[in-house]
file data36.txt (compact mmCIF, C-alpha atoms)
# COMPACT_ATOMS: atom_id res chain seq x y z
CA MET A 182 52.34 59.16 -10.08
CA THR A 183 53.11 57.76 -13.55
CA LYS A 184 54.08 54.13 -13.56
CA SER A 185 57.70 53.52 -14.55
CA PHE A 186 58.85 50.47 -16.55
CA LYS A 187 62.49 49.55 -15.89
CA PRO A 188 63.22 45.88 -16.62
CA GLY A 189 66.89 46.50 -17.27
CA ALA A 190 68.92 46.14 -20.46
CA GLY A 191 70.38 42.76 -19.56
CA LEU A 192 67.01 41.18 -18.85
CA THR A 193 65.53 42.69 -22.01
CA VAL A 194 68.25 41.12 -24.15
CA VAL A 195 67.79 37.71 -22.50
CA VAL A 196 64.01 37.85 -22.93
CA LEU A 197 64.30 38.84 -26.59
CA VAL A 198 66.66 35.94 -27.30
CA CYS A 199 64.37 33.49 -25.49
CA LEU A 200 61.33 34.84 -27.37
CA LEU A 201 63.08 34.35 -30.70
CA VAL A 202 63.85 30.74 -29.76
CA LEU A 203 60.31 30.02 -28.55
CA VAL A 204 58.64 31.63 -31.57
CA GLY A 205 61.03 29.77 -33.86
CA LEU A 206 60.19 26.43 -32.24
CA GLY A 207 56.47 27.17 -32.37
CA THR A 208 56.63 28.15 -36.04
CA TRP A 209 58.68 25.05 -36.86
CA GLN A 210 56.01 22.84 -35.29
CA ALA A 211 53.15 24.79 -36.90
CA ARG A 212 54.64 24.27 -40.35
CA LYS A 213 54.59 20.51 -39.79
CA VAL A 214 50.85 20.34 -39.14
CA GLY A 215 49.75 20.51 -42.79
CA PRO A 216 52.25 18.02 -44.25
CA LYS A 217 51.71 15.50 -41.42
CA THR A 218 47.91 15.75 -41.77
CA ALA A 219 48.19 15.20 -45.53
CA LEU A 220 50.52 12.23 -45.01
CA LEU A 221 48.14 10.57 -42.54
CA ALA A 222 45.21 11.14 -44.91
CA GLN A 223 47.21 9.54 -47.72
CA MET A 224 48.04 6.53 -45.54
CA GLU A 225 44.43 6.08 -44.46
CA ALA A 226 43.33 6.26 -48.09
CA GLY A 227 45.93 3.64 -49.01
CA MET A 228 44.73 1.29 -46.27
CA GLN A 229 41.09 1.64 -47.30
CA GLY A 230 41.54 1.61 -51.08
CA ASP A 231 41.60 -1.27 -53.52
CA ALA A 232 44.57 -3.60 -53.31
CA MET A 233 47.18 -3.03 -56.01
CA PRO A 234 49.20 -5.94 -57.46
CA LEU A 235 52.54 -6.32 -55.73
CA PRO A 236 55.30 -5.09 -58.08
CA VAL A 237 57.89 -7.63 -59.19
CA HIS A 238 60.64 -5.33 -57.92
CA LEU A 239 60.36 -2.82 -55.09
CA ASP A 240 63.71 -1.28 -54.21
CA ASP A 241 62.23 1.26 -51.78
CA PRO A 242 59.35 -0.26 -49.75
CA SER A 243 58.69 3.06 -48.00
CA VAL A 244 56.96 4.41 -51.12
CA LEU A 245 54.18 1.84 -50.59
CA ASP A 246 54.12 1.89 -46.80
CA TYR A 247 50.52 1.51 -45.54
CA GLN A 248 49.27 0.66 -49.05
CA ARG A 249 47.00 -2.31 -49.71
CA ILE A 250 48.57 -4.86 -52.04
CA SER A 251 47.73 -8.30 -53.39
CA PHE A 252 49.70 -11.23 -54.70
CA ARG A 253 49.46 -14.98 -55.15
CA GLY A 254 52.01 -17.35 -53.70
CA GLU A 255 52.79 -20.65 -52.04
CA LEU A 256 52.82 -20.89 -48.26
CA MET A 257 56.30 -22.20 -47.49
CA ASP A 258 56.93 -25.03 -45.07
CA ALA A 259 58.35 -23.29 -41.99
CA LYS A 260 57.77 -22.86 -38.28
CA PRO A 261 55.79 -19.65 -37.65
CA ILE A 262 57.62 -16.83 -35.94
CA ARG A 263 55.69 -15.49 -32.96
CA VAL A 264 56.30 -11.77 -32.38
CA PHE A 265 54.96 -10.48 -29.08
CA ALA A 266 52.27 -7.87 -29.79
CA THR A 267 48.89 -6.68 -28.63
CA SER A 268 45.74 -7.03 -30.68
CA LEU A 269 43.89 -4.00 -32.00
CA ASP A 270 41.82 -3.96 -28.80
CA GLY A 271 44.90 -4.13 -26.56
CA LYS A 272 44.97 -7.83 -25.61
CA ALA A 273 48.37 -9.47 -25.13
CA GLY A 274 49.45 -12.12 -27.57
CA TYR A 275 51.53 -12.74 -30.67
CA HIS A 276 51.56 -11.89 -34.36
CA LEU A 277 52.35 -14.95 -36.46
CA TYR A 278 54.68 -14.55 -39.43
CA MET A 279 55.15 -17.05 -42.25
CA PRO A 280 56.92 -16.77 -45.63
CA VAL A 281 54.85 -16.95 -48.80
CA LYS A 282 56.78 -17.48 -52.04
CA LYS A 283 55.35 -15.26 -54.73
CA GLN A 284 54.76 -16.86 -58.11
CA HIS A 285 57.75 -16.14 -60.32
CA GLY A 286 59.28 -14.09 -57.55
CA MET A 287 60.68 -13.97 -54.06
CA ALA A 288 59.26 -14.74 -50.64
CA VAL A 289 57.07 -12.26 -48.77
CA LEU A 290 57.02 -12.28 -44.97
CA VAL A 291 53.33 -12.23 -44.10
CA ASN A 292 51.82 -11.34 -40.75
CA PHE A 293 48.80 -13.66 -40.81
CA GLY A 294 47.37 -12.17 -37.64
CA TRP A 295 47.13 -12.29 -33.87
CA VAL A 296 46.69 -15.15 -31.40
CA PRO A 297 46.16 -14.78 -27.62
CA VAL A 298 49.12 -15.18 -25.30
CA GLN A 299 47.72 -18.38 -23.79
CA MET A 300 47.77 -20.10 -27.20
CA GLN A 301 51.25 -21.55 -27.01
CA ASP A 302 50.80 -24.01 -29.90
CA ALA A 303 50.57 -22.25 -33.24
CA PRO A 304 47.45 -23.07 -35.27
CA GLY A 305 47.96 -25.30 -38.27
CA PHE A 306 48.99 -23.55 -41.48
CA PRO A 307 48.14 -25.08 -44.90
CA VAL A 308 51.78 -25.23 -46.01
CA GLY A 309 52.37 -25.93 -49.66
CA THR A 310 49.04 -24.47 -50.78
CA MET A 311 48.60 -21.49 -53.06
CA LEU A 312 47.15 -18.43 -51.36
CA ASN A 313 45.64 -15.23 -52.67
CA VAL A 314 47.08 -12.75 -50.19
CA THR A 315 45.65 -9.28 -49.73
CA GLY A 316 46.81 -6.94 -47.02
CA VAL A 317 48.72 -3.82 -46.05
CA LEU A 318 52.39 -3.41 -46.86
CA ARG A 319 54.60 -2.25 -44.01
CA THR A 320 58.30 -1.62 -43.81
CA SER A 321 60.48 -3.53 -41.36
CA ALA A 322 59.74 -2.71 -37.72
CA MET A 323 62.20 -0.77 -35.58
CA PRO A 324 62.62 -1.48 -31.87
CA GLY A 325 61.68 1.17 -29.35
CA GLY A 326 64.03 2.46 -26.69
CA MET A 327 62.64 0.02 -24.08
CA THR A 328 62.05 -2.94 -26.41
CA PRO A 329 64.06 -6.07 -25.54
CA GLU A 330 66.32 -7.47 -28.23
CA ASN A 331 65.10 -10.38 -30.30
CA ASP A 332 66.51 -13.78 -29.39
CA PRO A 333 65.86 -15.94 -32.47
CA GLU A 334 67.57 -19.04 -31.06
CA ALA A 335 65.27 -19.02 -28.03
CA GLY A 336 62.24 -18.10 -30.14
CA ASN A 337 61.71 -14.79 -28.33
CA TRP A 338 60.67 -12.08 -30.75
CA TYR A 339 59.69 -8.55 -29.75
CA THR A 340 60.31 -6.65 -32.99
CA ALA A 341 59.20 -7.72 -36.46
CA ASP A 342 62.61 -7.15 -38.03
CA VAL A 343 62.21 -8.40 -41.60
CA PHE A 344 65.89 -9.21 -42.03
CA GLN A 345 66.22 -11.14 -38.78
CA MET A 346 63.04 -13.08 -39.48
CA ALA A 347 64.11 -13.89 -43.04
CA ALA A 348 67.41 -15.23 -41.72
CA ALA A 349 65.53 -17.38 -39.19
CA PHE A 350 63.46 -18.78 -42.08
CA GLY A 351 66.68 -19.64 -43.92
CA LEU A 352 66.16 -17.02 -46.64
CA ARG A 353 69.08 -15.20 -48.22
CA THR A 354 69.06 -11.50 -49.04
CA LYS A 355 67.93 -11.89 -52.65
CA GLU A 356 65.30 -14.51 -51.80
CA PHE A 357 62.84 -12.23 -50.00
CA TYR A 358 61.24 -8.81 -50.28
CA HIS A 359 62.54 -6.34 -47.75
CA PHE A 360 59.14 -5.54 -46.25
CA ARG A 361 56.25 -7.36 -44.60
CA VAL A 362 52.54 -7.64 -45.32
CA PHE A 363 49.72 -7.60 -42.76
CA ALA A 364 47.20 -10.06 -44.20
CA ASP A 365 43.53 -9.14 -44.26
CA VAL A 366 40.91 -11.03 -42.30
CA GLY A 367 39.90 -14.13 -44.24
CA VAL A 368 43.14 -14.80 -46.11
CA LEU A 369 43.30 -17.97 -44.05
CA ALA A 370 39.93 -19.70 -43.68
CA THR A 371 40.56 -20.37 -39.98
CA ARG A 372 39.53 -18.78 -36.68
CA TRP A 373 43.14 -18.25 -35.62
CA PRO A 374 45.17 -16.21 -36.24
CA VAL A 375 42.97 -13.12 -36.52
CA GLY A 376 44.11 -11.09 -39.54
CA GLY A 377 43.79 -7.40 -40.27
CA GLN A 378 45.96 -6.31 -37.34
CA VAL A 379 47.64 -3.33 -38.94
CA ARG A 380 47.19 -0.02 -37.13
CA LEU A 381 48.01 3.54 -38.07
CA ASP A 382 49.83 4.70 -34.96
CA ILE A 383 51.75 7.74 -36.20
CA PRO A 384 51.19 10.68 -33.81
CA ASN A 385 50.27 14.12 -35.12
CA ASN A 386 50.87 16.39 -32.12
CA HIS A 387 52.55 19.28 -33.91
CA PHE A 388 49.62 21.68 -33.36
CA GLN A 389 49.68 21.05 -29.61
CA TYR A 390 53.46 21.48 -29.55
CA ALA A 391 53.15 24.79 -31.45
CA LEU A 392 50.59 26.06 -28.92
CA THR A 393 52.91 25.02 -26.09
CA TRP A 394 55.89 26.98 -27.45
CA TYR A 395 53.77 30.04 -28.24
CA GLY A 396 52.15 29.81 -24.81
CA LEU A 397 55.56 29.75 -23.14
CA GLY A 398 56.46 32.84 -25.14
CA LEU A 399 53.36 34.69 -23.95
CA GLY A 400 54.07 33.63 -20.40
CA LEU A 401 57.61 34.94 -20.68
CA ILE A 402 56.30 38.31 -21.92
CA GLY A 403 53.92 38.46 -18.97
CA VAL A 404 56.68 37.79 -16.45
CA TYR A 405 58.91 40.35 -18.15
CA LEU A 406 56.23 43.06 -17.96
CA VAL A 407 55.39 42.35 -14.33
CA PHE A 408 59.07 42.37 -13.33
CA GLY A 409 59.73 45.61 -15.25
CA LEU A 410 56.80 47.41 -13.62
CA LYS A 411 57.75 46.15 -10.17
CA ARG A 412 61.35 47.27 -10.60
CA GLY A 413 60.20 50.66 -11.90
CA ARG A 414 57.91 51.15 -8.91
CA GLU A 415 60.70 50.23 -6.49
CA SER A 416 63.03 52.73 -8.15
CA GLN A 417 60.40 55.47 -7.71
CA ASP A 418 59.90 54.56 -4.06
CA ASP A 419 63.64 54.79 -3.46
CA GLY A 420 63.88 58.21 -5.12
CA PRO A 421 63.82 61.63 -3.41
CA ALA A 422 60.63 62.61 -1.64
call {"tool": "encode", "arguments": {"input": "data36.txt", "output": "structure tokens"}}
result
Amino acid sequence: MTKSFKPGAGLTVVVLVCLLVLVGLGTWQARKVGPKTALLAQMEAGMQGDAMPLPVHLDDPSVLDYQRISFRGELMDAKPIRVFATSLDGKAGYHLYMPVKKQHGMAVLVNFGWVPVQMQDAPGFPVGTMLNVTGVLRTSAMPGGMTPENDPEAGNWYTADVFQMAAAFGLRTKEFYHFRVFADVGVLATRWPVGGQVRLDIPNNHFQYALTWYGLGLGLIGVYLVFGLKRGRESQDDGPA
């Protein structure tokens, strides 16, 4: 007896629509793989390359995000802001931010590095001295969905929001650059804080997502074929002898 395939017109239409959606989603993710890979390679190259002099004006900090920069400035007299963060090896602690006034320019909010959570007293900073700062430029941090709100008055910081920190330092909008800099190890000749804490934590999962959508499409085709064959066989069994 020849096998009969009768999935039904309604089911066929539904499956075709679902396949179009799944293939579209998979293709959309697949097209992102190349650009995201190139972007990450560019960022890694920027972090590992020579430091470029910090421009006098930088209206759009995102164009230099993850780029190494250098500048010379005076460490301003201020109380360090302690932003809760883990070190590169996952230990709990704080990143210490201080403003450095660029020569003939504005203040730069510098992340001088990490200290362990048990270090409640901030290490001494050589305020008033001129520093040659090298590090990685980063845009202002954005809080995650589960990140608590900053409480500047209580000194509880969970997100390195450049604008909130600048306000806490008493800086007005035109007195500071609207980005931050992660200082390299050795900018301060002290054990603490530990500099060089920038990490490249941008995920690139588009290839896996594309495989997932395409895999769901193949699975849907398999179910459709099995159901159509089963329904065809049942229709033959119910037919005349």
call {"tool": "closest_residue", "arguments": {"input": "data36.txt", "among": "A:Met327, A:Val296, A:Tyr247, A:Leu235", "to": "A:Gln284", "atoms": "only C-alpha atoms"}}
result
A:Leu235
call {"tool": "residues_near_point", "arguments": {"input": "data36.txt", "point": "(63.8, -16.5, -32.5)", "cutoff": "12 Å", "atoms": "only C-alpha atoms", "output": "VMD selection string"}}
result
chain A and resid 260 to 265 278 330 to 342 345 to 350
call {"tool": "atom_distance", "arguments": {"input": "data36.txt", "atom1": "atom CA of A:Arg353", "atom2": "atom CA of A:Ala266"}}
result
26.0 Å
call {"tool": "closest_residue", "arguments": {"input": "data36.txt", "among": "A:Pro216, A:Gly286, A:Pro234, A:Pro188", "to": "A:Val317", "atoms": "all atoms listed in the file"}}
result
A:Pro234
call {"tool": "closest_residue", "arguments": {"input": "data36.txt", "among": "A:Ala211, A:Ile250, A:Leu200, A:Ala288", "to": "A:Gln229", "atoms": "only C-alpha atoms"}}
result
A:Ile250
call {"tool": "residues_near_point", "arguments": {"input": "data36.txt", "point": "(41.7, -12.5, -47.2)", "cutoff": "12 Å", "atoms": "only C-alpha atoms", "output": "PyMOL selection string"}}
result
chain A and resi 232+249-253+293-294+312-317+363-371+375-377
call {"tool": "axis_aligned_box", "arguments": {"input": "data36.txt", "around": "stretch 261-273 of chain A", "padding_each_side": "5 Å", "output": "lines of an AutoDock Vina configuration file"}}
result
center_x = 49.7
center_y = -11.8
center_z = -31.4
size_x = 25.8
size_y = 25.7
size_z = 22.5
call {"tool": "closest_residue", "arguments": {"input": "data36.txt", "among": "A:Met257, A:Met287, A:Val343, A:Ala219", "to": "A:His359", "atoms": "all atoms listed in the file"}}
result
A:Val343
call {"tool": "atom_distance", "arguments": {"input": "data36.txt", "atom1": "atom CA of A:Arg412", "atom2": "atom CA of A:Leu192"}}
result
11.7 Å
call {"tool": "atom_distance", "arguments": {"input": "data36.txt", "atom1": "atom CA of A:Leu318", "atom2": "atom CA of A:Ala259"}}
result
21.3 Å
